[in-house]
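Colleague: The following file, entry.txt, comprises compact mmCIF, C-alpha atoms:
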```
# COMPACT_ATOMS: atom_id res chain seq x y z
CA MET E 1 -4.57 48.89 -25.02
CA SER E 2 -0.85 49.27 -24.58
CA MET E 3 1.45 46.48 -25.59
CA PRO E 4 3.47 44.53 -23.08
CA PRO E 5 7.07 45.72 -22.95
CA GLY E 6 9.35 44.49 -25.69
CA ILE E 7 6.66 43.76 -28.30
CA PRO E 8 7.16 46.01 -31.31
CA GLU E 9 3.83 47.53 -32.45
CA GLY E 10 4.33 46.77 -36.10
CA GLU E 11 5.15 43.09 -35.77
CA VAL E 12 1.89 41.71 -34.40
CA THR E 13 -1.48 41.41 -36.05
CA THR E 14 -4.75 42.30 -34.37
CA ALA E 15 -5.37 38.61 -33.68
CA GLY E 16 -1.85 38.32 -32.26
CA ARG E 17 -2.43 41.32 -30.04
CA SER E 18 -5.55 39.93 -28.38
CA ILE E 19 -3.59 37.04 -26.89
CA TYR E 20 -1.67 39.52 -24.73
CA TRP E 21 -4.74 40.43 -22.81
CA LEU E 22 -6.72 37.16 -23.25
CA ILE E 23 -4.14 35.05 -21.45
CA PRO E 24 -3.80 37.32 -18.40
CA LEU E 25 -7.58 37.61 -18.32
CA ALA E 26 -8.03 33.84 -18.37
CA GLY E 27 -5.24 33.38 -15.81
CA PHE E 28 -6.67 35.87 -13.35
CA PHE E 29 -10.17 34.52 -13.95
CA PHE E 30 -8.97 31.12 -12.74
CA VAL E 31 -7.24 32.73 -9.76
CA PHE E 32 -10.57 34.33 -8.94
CA VAL E 33 -12.34 30.95 -9.28
CA LEU E 34 -9.78 29.40 -6.91
CA LEU E 35 -10.24 32.16 -4.35
CA ASP E 36 -13.99 31.72 -4.58
CA LEU E 37 -13.65 27.94 -4.03
CA ILE E 38 -11.50 28.62 -0.95
CA ARG E 39 -14.07 31.13 0.29
CA LYS E 40 -16.82 28.50 -0.06
CA ARG E 41 -14.59 26.02 1.81
CA ARG E 42 -14.59 23.63 -1.11
CA LEU E 43 -10.82 23.94 -1.55
CA LEU E 44 -8.21 23.98 1.21
CA GLU E 45 -5.67 26.80 1.12
CA THR E 46 -2.75 24.38 1.25
CA HIS E 47 -4.05 22.53 -1.80
CA ALA E 48 -4.77 25.75 -3.69
CA LEU E 49 -1.32 27.34 -3.39
CA LEU E 50 0.32 25.53 -6.27
CA TRP E 51 -2.73 26.07 -8.49
CA ILE E 52 -2.73 29.80 -7.73
CA LEU E 53 0.96 29.98 -8.53
CA THR E 54 0.30 28.11 -11.79
CA PHE E 55 -2.38 30.53 -12.94
CA VAL E 56 -0.44 33.61 -11.83
CA VAL E 57 2.48 32.37 -13.94
CA VAL E 58 0.09 31.85 -16.86
CA ALA E 59 -1.41 35.31 -16.37
CA VAL E 60 1.85 37.22 -16.32
CA SER E 61 3.64 35.15 -18.90
CA PRO E 62 2.76 37.34 -21.95
CA PHE E 63 4.61 40.25 -20.32
CA PHE E 64 7.75 38.14 -20.30
CA LEU E 65 7.47 36.92 -23.88
CA PRO E 66 10.68 38.64 -25.09
CA LEU E 67 12.52 37.11 -22.14
CA LEU E 68 10.96 33.71 -22.87
CA ASN E 69 11.91 34.03 -26.53
CA ASP E 70 15.52 34.85 -25.63
CA LEU E 71 15.58 31.99 -23.15
CA ALA E 72 14.15 29.59 -25.73
CA TYR E 73 16.81 30.52 -28.29
CA ALA E 74 19.51 30.36 -25.61
CA VAL E 75 18.68 26.74 -24.72
CA GLY E 76 18.30 25.71 -28.35
CA ILE E 77 14.50 25.81 -28.78
CA TYR E 78 13.88 27.47 -32.14
CA TYR E 79 10.11 27.63 -31.84
CA PRO E 80 9.65 29.66 -28.61
CA PRO E 81 6.03 28.65 -27.88
CA THR E 82 7.41 25.18 -27.21
CA LEU E 83 9.18 26.57 -24.16
CA TYR E 84 5.94 28.15 -23.03
CA LEU E 85 4.16 24.78 -23.32
CA LEU E 86 7.05 23.08 -21.58
CA ILE E 87 6.70 25.40 -18.60
CA ALA E 88 2.93 24.83 -18.57
CA ILE E 89 3.44 21.05 -18.64
CA PHE E 90 5.94 21.35 -15.79
CA PHE E 91 3.43 23.16 -13.61
CA LEU E 92 0.66 20.68 -14.50
CA MET E 93 2.93 17.76 -13.65
CA ALA E 94 3.86 19.40 -10.36
CA ASN E 95 0.17 19.74 -9.54
CA THR E 96 -0.54 16.14 -10.50
CA LEU E 97 2.36 14.90 -8.40
CA ARG E 98 1.06 16.96 -5.54
CA ASN E 99 -2.36 15.29 -5.95
CA THR E 100 -0.79 11.83 -6.00
CA LEU E 101 1.12 12.66 -2.81
CA ASP E 102 -2.12 13.71 -1.17
CA ILE E 103 -3.87 10.54 -2.34
CA SER E 104 -1.03 8.41 -0.98
CA ARG E 105 -1.20 10.14 2.38
CA MET E 106 -4.97 9.78 2.52
CA THR E 107 -4.79 6.10 1.52
CA GLU E 108 -2.46 5.57 4.46
CA GLN E 109 -4.75 7.48 6.83
CA ASN E 110 -7.77 5.59 5.51
CA ARG E 111 -6.01 2.29 6.09
CA ARG E 112 -5.16 3.19 9.66
CA LEU E 113 -8.69 4.39 10.41
CA THR E 114 -10.26 1.29 8.88
CA GLN E 115 -7.97 -0.96 10.91
CA GLU E 116 -8.64 0.94 14.14
CA LEU E 117 -12.38 0.88 13.48
CA SER E 118 -12.45 -2.90 13.11
CA ILE E 119 -10.42 -3.42 16.30
CA LEU E 120 -12.56 -1.01 18.32
CA ARG E 121 -15.76 -2.55 16.97
CA ASN E 122 -14.55 -5.97 18.07
CA GLN E 123 -13.73 -4.55 21.50
CA VAL E 124 -17.18 -3.00 21.85
CA GLU E 125 -18.89 -6.21 20.80
CA ARG E 126 -16.87 -8.20 23.29
CA THR E 127 -17.47 -5.90 26.24
CA SER E 128 -21.16 -5.15 25.69
CA ASP E 129 -24.12 -7.51 25.65
CA ASP E 130 -25.43 -5.82 22.54
CA PRO E 131 -24.07 -7.78 19.59
CA GLY E 132 -24.58 -4.72 17.40
CA ASP E 133 -25.77 -4.64 13.84
CA PRO E 134 -24.05 -6.99 11.48
CA PRO E 135 -21.54 -5.11 9.34
CA LEU E 136 -23.09 -3.89 6.13
CA PRO E 137 -21.53 -5.11 2.91
CA MET N 1 2.65 -18.10 25.96
CA ARG N 2 -0.43 -16.60 24.35
CA ILE N 3 -0.81 -17.59 20.73
CA LEU N 4 -3.05 -15.92 18.18
CA VAL N 5 -3.87 -17.35 14.77
CA ILE N 6 -4.43 -14.49 12.30
CA ILE N 7 -6.57 -15.39 9.30
CA PRO N 8 -7.16 -12.72 6.63
CA ALA N 9 -10.31 -13.45 4.62
CA HIS N 10 -11.96 -11.86 1.64
CA ASN N 11 -15.18 -13.47 0.38
CA GLU N 12 -14.35 -16.86 1.87
CA GLU N 13 -17.71 -17.86 3.34
CA ALA N 14 -17.38 -21.39 1.96
CA ASN N 15 -13.92 -21.99 3.40
CA VAL N 16 -13.53 -19.99 6.59
CA GLY N 17 -15.64 -22.23 8.86
CA PRO N 18 -13.97 -25.54 7.94
CA VAL N 19 -10.52 -23.87 8.08
CA ILE N 20 -11.19 -22.64 11.62
CA SER N 21 -12.33 -26.10 12.82
CA GLN N 22 -9.28 -27.72 11.22
CA ILE N 23 -6.95 -25.27 12.97
CA ARG N 24 -8.72 -25.94 16.28
CA THR N 25 -7.89 -29.63 16.09
CA PHE N 26 -4.17 -28.83 16.01
CA LEU N 27 -4.19 -25.74 18.24
CA PRO N 28 -7.01 -26.24 20.72
CA THR N 29 -5.83 -23.56 23.11
CA ALA N 30 -4.88 -20.81 20.65
CA ASP N 31 -7.15 -17.85 19.96
CA LEU N 32 -8.24 -17.21 16.40
CA VAL N 33 -8.95 -13.89 14.78
CA VAL N 34 -10.38 -13.61 11.29
CA VAL N 35 -9.73 -10.28 9.60
CA ASP N 36 -12.69 -9.92 7.27
CA ASP N 37 -11.28 -7.70 4.54
CA GLY N 38 -14.40 -5.99 3.26
CA SER N 39 -16.13 -9.20 2.21
CA ARG N 40 -19.46 -8.91 0.46
CA ASP N 41 -20.55 -12.38 1.52
CA ASP N 42 -21.16 -14.10 4.85
CA THR N 43 -17.50 -14.52 5.80
CA ALA N 44 -17.77 -12.58 9.08
CA ARG N 45 -20.85 -14.46 10.33
CA ARG N 46 -19.46 -17.87 9.41
CA ALA N 47 -16.21 -17.05 11.21
CA LYS N 48 -18.07 -15.91 14.32
CA GLU N 49 -20.21 -19.05 14.28
CA ALA N 50 -17.05 -21.14 14.08
CA GLY N 51 -15.89 -19.44 17.28
CA ALA N 52 -13.27 -16.98 16.01
CA GLN N 53 -12.97 -13.33 16.93
CA VAL N 54 -13.73 -11.23 13.87
CA LEU N 55 -12.27 -7.89 12.85
CA SER N 56 -14.51 -6.53 10.12
CA LEU N 57 -12.81 -4.01 7.85
CA PRO N 58 -15.53 -1.88 6.25
CA ASN N 59 -13.38 -1.37 3.14
CA ASN N 60 -11.32 -3.91 1.25
CA LEU N 61 -7.77 -2.86 2.19
CA GLY N 62 -5.83 -5.73 0.65
CA TYR N 63 -4.06 -8.80 1.98
CA GLY N 64 -1.13 -7.05 3.66
CA ALA N 65 -3.25 -4.44 5.41
CA ALA N 66 -5.58 -7.19 6.67
CA ILE N 67 -2.64 -9.11 8.15
CA GLN N 68 -1.34 -5.88 9.69
CA THR N 69 -4.74 -5.38 11.34
CA GLY N 70 -4.23 -8.80 12.93
CA PHE N 71 -0.77 -7.73 14.19
CA ARG N 72 -2.21 -4.57 15.69
CA TYR N 73 -4.92 -6.61 17.41
CA ALA N 74 -2.31 -9.09 18.68
CA ILE N 75 -0.09 -6.36 20.15
CA ARG N 76 -2.99 -4.53 21.73
CA ASN N 77 -4.24 -7.73 23.36
CA GLY N 78 -0.87 -8.90 24.62
CA TYR N 79 -0.26 -11.97 22.45
CA ASP N 80 3.27 -13.41 22.43
CA ILE N 81 3.15 -15.24 19.12
CA GLY N 82 1.13 -14.79 15.95
CA ILE N 83 0.55 -17.42 13.31
CA GLN N 84 -0.70 -16.13 9.98
CA MET N 85 -2.66 -18.53 7.82
CA ASP N 86 -4.81 -18.12 4.74
CA SER N 87 -8.55 -18.66 4.92
CA ASP N 88 -8.84 -20.69 1.73
CA GLY N 89 -7.59 -23.95 3.24
CA GLN N 90 -4.24 -23.95 1.42
CA HIS N 91 -2.19 -23.92 4.59
CA ASP N 92 -2.26 -27.35 6.22
CA PRO N 93 -2.84 -26.88 9.98
CA ALA N 94 -0.90 -30.11 10.54
CA SER N 95 2.24 -28.07 9.72
CA VAL N 96 1.56 -25.54 12.48
CA PRO N 97 3.42 -27.34 15.31
CA ALA N 98 6.59 -27.52 13.21
CA LEU N 99 6.24 -23.85 12.26
CA LEU N 100 5.63 -22.80 15.82
CA ALA N 101 8.47 -24.79 17.43
CA PRO N 102 11.47 -22.55 16.58
CA VAL N 103 9.57 -19.39 17.58
CA LEU N 104 8.36 -20.94 20.84
CA SER N 105 11.88 -22.01 21.75
CA GLY N 106 13.17 -18.51 20.97
CA GLU N 107 15.59 -19.72 18.28
CA VAL N 108 14.11 -17.41 15.68
CA ASP N 109 11.85 -14.38 15.54
CA VAL N 110 10.02 -15.50 12.41
CA ALA N 111 9.43 -18.97 10.99
CA LEU N 112 8.50 -18.91 7.31
CA GLY N 113 6.54 -21.88 6.02
CA SER N 114 8.05 -23.10 2.77
CA ARG N 115 6.07 -25.30 0.39
CA PHE N 116 9.27 -25.97 -1.56
CA LEU N 117 11.12 -27.39 1.44
CA GLY N 118 7.91 -29.20 2.29
CA ARG N 119 5.22 -30.09 -0.19
CA ALA N 120 2.82 -28.31 -2.51
CA ASP N 121 -0.11 -30.60 -3.27
CA TYR N 122 -1.27 -28.59 -6.25
CA PRO N 123 0.20 -27.46 -9.57
CA ILE N 124 1.81 -24.00 -9.50
CA PRO N 125 1.60 -22.24 -12.91
CA TRP N 126 5.05 -21.79 -14.41
CA PRO N 127 5.03 -17.95 -14.60
CA LYS N 128 4.22 -17.82 -10.91
CA LYS N 129 6.87 -20.42 -10.13
CA LEU N 130 9.42 -18.42 -12.14
CA GLY N 131 8.53 -15.25 -10.21
CA MET N 132 8.85 -17.08 -6.89
CA LYS N 133 12.26 -18.47 -7.83
CA LEU N 134 13.48 -15.07 -8.98
CA PHE N 135 12.45 -13.28 -5.80
CA ALA N 136 13.69 -16.20 -3.69
CA ALA N 137 17.11 -15.81 -5.34
CA ILE N 138 17.13 -12.04 -4.73
CA ALA N 139 16.12 -12.42 -1.06
CA SER N 140 18.59 -15.27 -0.50
CA SER N 141 21.54 -13.37 -1.94
CA ALA N 142 20.63 -10.16 -0.10
CA LEU N 143 20.30 -11.88 3.27
CA GLY N 144 22.88 -14.63 2.93
CA ILE N 145 20.42 -17.29 4.04
CA ARG N 146 18.45 -19.70 1.91
CA ILE N 147 14.94 -18.49 1.09
CA THR N 148 12.92 -20.82 -1.13
CA ASP N 149 9.35 -19.55 -0.76
CA PRO N 150 9.24 -15.76 -0.48
CA THR N 151 5.49 -15.49 -1.18
CA THR N 152 4.53 -17.62 1.79
CA GLY N 153 1.63 -16.35 3.86
CA PHE N 154 2.08 -19.21 6.32
CA GLN N 155 4.30 -17.80 9.08
CA ALA N 156 4.82 -17.75 12.82
CA LEU N 157 6.08 -14.49 14.32
CA ASN N 158 6.96 -13.38 17.82
CA SER N 159 5.64 -10.17 19.36
CA ARG N 160 8.77 -8.16 18.49
CA VAL N 161 8.19 -8.76 14.81
CA MET N 162 4.45 -8.17 15.09
CA ARG N 163 5.12 -4.91 16.90
CA TYR N 164 7.59 -3.86 14.18
CA PHE N 165 5.09 -4.64 11.43
CA ALA N 166 2.09 -3.22 13.31
CA VAL N 167 3.47 0.29 13.16
CA ASP N 168 4.44 1.37 9.71
CA ASN N 169 6.73 -1.08 8.07
CA TYR N 170 4.31 -3.49 6.46
CA PRO N 171 3.59 -3.57 2.73
CA SER N 172 -0.11 -3.03 2.29
CA ASP N 173 -0.82 -5.23 -0.75
CA TYR N 174 1.22 -8.42 -0.87
CA PRO N 175 4.04 -8.70 1.64
CA ASP N 176 6.62 -10.88 -0.01
CA ALA N 177 10.38 -10.95 -0.54
CA ASP N 178 10.45 -7.25 0.37
CA ALA N 179 9.04 -7.89 3.86
CA ILE N 180 11.43 -10.83 4.39
CA MET N 181 14.41 -8.71 3.32
CA LEU N 182 13.30 -5.87 5.57
CA LEU N 183 13.19 -8.23 8.57
CA GLY N 184 16.60 -9.68 7.70
CA PHE N 185 18.19 -6.24 7.32
CA ARG N 186 16.68 -5.16 10.63
CA GLY N 187 18.41 -8.02 12.41
CA PHE N 188 15.40 -10.26 13.04
CA ARG N 189 16.25 -13.97 12.95
CA LEU N 190 14.47 -15.85 10.19
CA ARG N 191 14.25 -19.49 9.26
CA GLU N 192 12.25 -21.41 6.70
CA VAL N 193 10.36 -24.45 7.93
CA PRO N 194 8.97 -27.16 5.62
CA VAL N 195 5.17 -27.01 5.43
CA VAL N 196 2.44 -28.55 3.34
CA MET N 197 0.26 -26.36 1.15
CA LYS N 198 -2.82 -27.80 -0.50
CA ALA N 199 -5.09 -26.69 -3.31
CA ARG N 200 -7.58 -24.10 -2.12
CA MET N 201 -10.90 -25.57 -0.98
CA ALA N 202 -13.35 -23.49 -3.04
CA GLY N 203 -13.43 -20.36 -5.20
CA THR N 204 -10.62 -18.63 -7.07
CA SER N 205 -7.22 -17.38 -6.02
CA MET N 206 -6.19 -13.73 -5.78
CA HIS N 207 -3.16 -13.99 -8.08
CA THR N 208 -4.52 -14.36 -11.59
CA GLY N 209 -3.87 -13.17 -15.14
CA ALA N 210 -2.54 -9.68 -15.81
CA LYS N 211 -2.28 -9.03 -12.08
CA THR N 212 0.68 -11.41 -11.98
CA ILE N 213 2.66 -9.18 -14.35
CA LEU N 214 1.80 -6.05 -12.38
CA TYR N 215 2.75 -7.91 -9.24
CA VAL N 216 6.23 -8.72 -10.57
CA PHE N 217 6.89 -5.06 -11.42
CA LYS N 218 5.53 -3.88 -8.09
CA MET N 219 7.70 -6.37 -6.26
CA PHE N 220 10.84 -5.16 -8.05
CA LEU N 221 9.98 -1.61 -7.00
CA SER N 222 9.30 -2.68 -3.41
CA ILE N 223 12.61 -4.55 -3.22
CA LEU N 224 14.45 -1.55 -4.64
CA VAL N 225 12.84 0.70 -2.03
CA VAL N 226 13.79 -1.68 0.79
CA LEU N 227 17.38 -1.72 -0.51
CA LEU N 228 17.42 2.09 -0.74
CA ARG N 229 16.03 2.53 2.76
CA GLU N 230 17.95 -0.17 4.54
CA ARG N 231 21.23 -0.40 2.67
CA ILE N 232 22.04 2.27 0.13
CA LEU N 233 20.76 5.42 1.82
CA LYS N 234 20.91 4.22 5.41
CA PRO N 235 22.80 6.75 7.54
CA ARG N 236 26.11 5.48 8.84
CA GLY N 237 26.02 4.23 12.38
CA ALA N 238 22.24 3.85 12.39
CA THR N 239 21.20 1.01 14.61
CA SER N 240 18.57 -1.47 13.62
```
Please, can you express the file's structure as structure tokens?
Modeller:
Amino acid sequence: MSMPPGIPEGEVTTAGRSIYWLIPLAGFFFVFVLLDLIRKRRLLETHALLWILTFVVVAVSPFFLPLLNDLAYAVGIYYPPTLYLLIAIFFLMANTLRNTLDISRMTEQNRRLTQELSILRNQVERTSDDPGDPPLP
Amino acid sequence: MRILVIIPAHNEEANVGPVISQIRTFLPTADLVVVDDGSRDDTARRAKEAGAQVLSLPNNLGYGAAIQTGFRYAIRNGYDIGIQMDSDGQHDPASVPALLAPVLSGEVDVALGSRFLGRADYPIPWPKKLGMKLFAAIASSALGIRITDPTTGFQALNSRVMRYFAVDNYPSDYPDADAIMLLGFRGFRLREVPVVMKARMAGTSMHTGAKTILYVFKMFLSILVVLLRERILKPRGATS
């Protein structure tokens, strides 16, 4: 297996080397899982986009390690993996925020539907002779 | 003038019937609608038996959303004035004529029932009282009118206000100083009217324990958002 660009052969151990193909493998595996979930209609495309982007970034990140290292040193992070984790946390937070936005929107929609339902139910009960079933608890 | 009394109720089977009959003695011609906010008891049936229209929300949406349901019902059915009252018997129906008068005469768009201008026949715990005073001070200074009881759920509103709140502008949990400030900023005319509030008839209140602390923080956030929307970030020249 060839090394990603910029990684000198002599400087990494066998264990260190495996991470360069394990991470992309894991990343693309999750992209595959996401695509499969979309295919089965269990995940909407719009909701999957940010997740796909997250895992693609994870998958390709080992190929940019030298760049990430340089960037880490440039901004004053002297233990480069910290920057890697920071980026991961950023993407996770973005996904969580996205979820909260969706929940807020759905709460609003749920409220409106519930309100409309109660008003329409009242209207039906008033205009028909059938008193209808009592509302279930 | 068609008047609708809007009564939000959550698990108030013991109180809702007597409250409805009490209101009837003071407002014999008004229609009553009870918004049953996902009760697990017999609230809806008791309200129907007492002669009120009932809007049964299948889920518990919260106090504000229940009131908003009443506003939507009022607008859809062509009511001119809405009176919101709690279903636990705290709001003395004898105060309704005084509350209604300035809205009926067209002097104001909203009359807010104040237990501090009037009378509160029950002890208010000091943390709650402190919170009320704080938010009253904020609302008063923001609007330039005296607000003493920002948490009041005893109000009379004309159809313009109900229409405004029926759409999208109503806080869904506990409308409070934020809703009052929103109305003031939007140019609606407000006035507090002295009312009497009594101890609730039966059961426990919705503001208890740790929820009070959460409530204070939530209210600060809501007020900040109202200020951001209506004052700080409002585009120049925007009309209310």
Colleague: Residues at most 6 Å from Ser118 in chain E, counting all atoms listed in the file, excluding those fewer than 4 positions away in the same chain, as a PyMOL selection string?
Modeller: chain N and resi 55-57
Colleague: Once you count all atoms listed in the file, what closest atom pair and distance in Å to one decimal does each residue of chain E within 7 Å of chain N have, with rows by chain and rising residue number, as a tab-separated table?
Modeller:
```
residue	atom	partner	partner_atom	distance
E:Arg111	CA	N:Leu61	CA	6.7
E:Thr114	CA	N:Leu57	CA	6.0
E:Gln115	CA	N:Thr69	CA	5.5
E:Ser118	CA	N:Leu55	CA	5.0
E:Ile119	CA	N:Leu55	CA	5.9
E:Asn122	CA	N:Leu55	CA	6.0
E:Pro137	CA	N:Arg40	CA	5.0
```
Colleague: What's around Gln22 in chain N at 12 Å? Count all atoms listed in the file, leave out sequence neighbours fewer than 2 positions away in its own chain, and write the answer as an MDAnalysis selection string.
Modeller: chainID N and resid 15:20 24:28 32 50 85 87:96
Colleague: Within 7 Å of range 118-129 of chain N, counting only C-alpha atoms, which residues show up once you throw out same-chain ones fewer than 4 positions away? Write them as a list in words, please.
Modeller: Ser114, Lys133, Pro194, Val195, Val196, Met197, Lys198 and Ala199 of chain N
Colleague: Do you have the CA of Ile7 in chain N-CA of Ala210 in chain N distance handy?
Modeller: 26.1 Å
Colleague: For Pro80 in chain E, find every residue with an atom within 12 Å (counting all atoms listed in the file), except residues of its own chain fewer than 2 positions away, and show them as a list in words.
Modeller: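 Listing them by chain and then by number gives Leu65, Pro66, Leu67, Leu68, Asn69, Asp70, Leu71, Ala72, Tyr73, Ala74, Val75, Gly76, Ile77, Tyr78, Thr82, Leu83, Tyr84, Leu85, Leu86 and Ile87 of chain E.
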Colleague: Every residue with an atom at most 12 Å from (5.6, 23.9, -12.2) (file coordinates; only C-alpha atoms) is what I'm after, so could you write them as a list in words?
Modeller: Leu49, Leu50, Trp51, Ile52, Leu53, Thr54, Phe55, Val56, Val57, Val58, Tyr84, Leu85, Leu86, Ile87, Ala88, Ile89, Phe90, Phe91, Leu92, Met93, Ala94, Asn95, Thr96, Leu97 and Arg98 of chain E
Colleague: Using all atoms listed in the file, which protein or nucleic acid residues come within 9 Å of range 102-106 of chain N? Drop anything in the same chain fewer than 4 positions from it, and give the result as a list in words.
Modeller: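 Counting only the stated atoms, we get Met1, Ile81, Ala98, Val110, Ala111, Ala156, Leu157, Asn158, Arg191 and Val193 of chain N.
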Colleague: What's the separation between CA of Gly64 in chain N and CA of Ala142 in chain N, in Å to one decimal place?
Modeller: 22.3 Å
Colleague: Considering all atoms listed in the file, can you say which of N:Phe71, N:Tyr215, N:Phe135, N:Phe165 comes closest to Ala177 in chain N?
Modeller: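 With all atoms listed in the file as the atom set, the closest residue is N:Phe135.
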Colleague: What separation in Å, quoted to one decimal, exists between CA of Ala14 in chain N and CA of Tyr63 in chain N?
Modeller: 18.3 Å
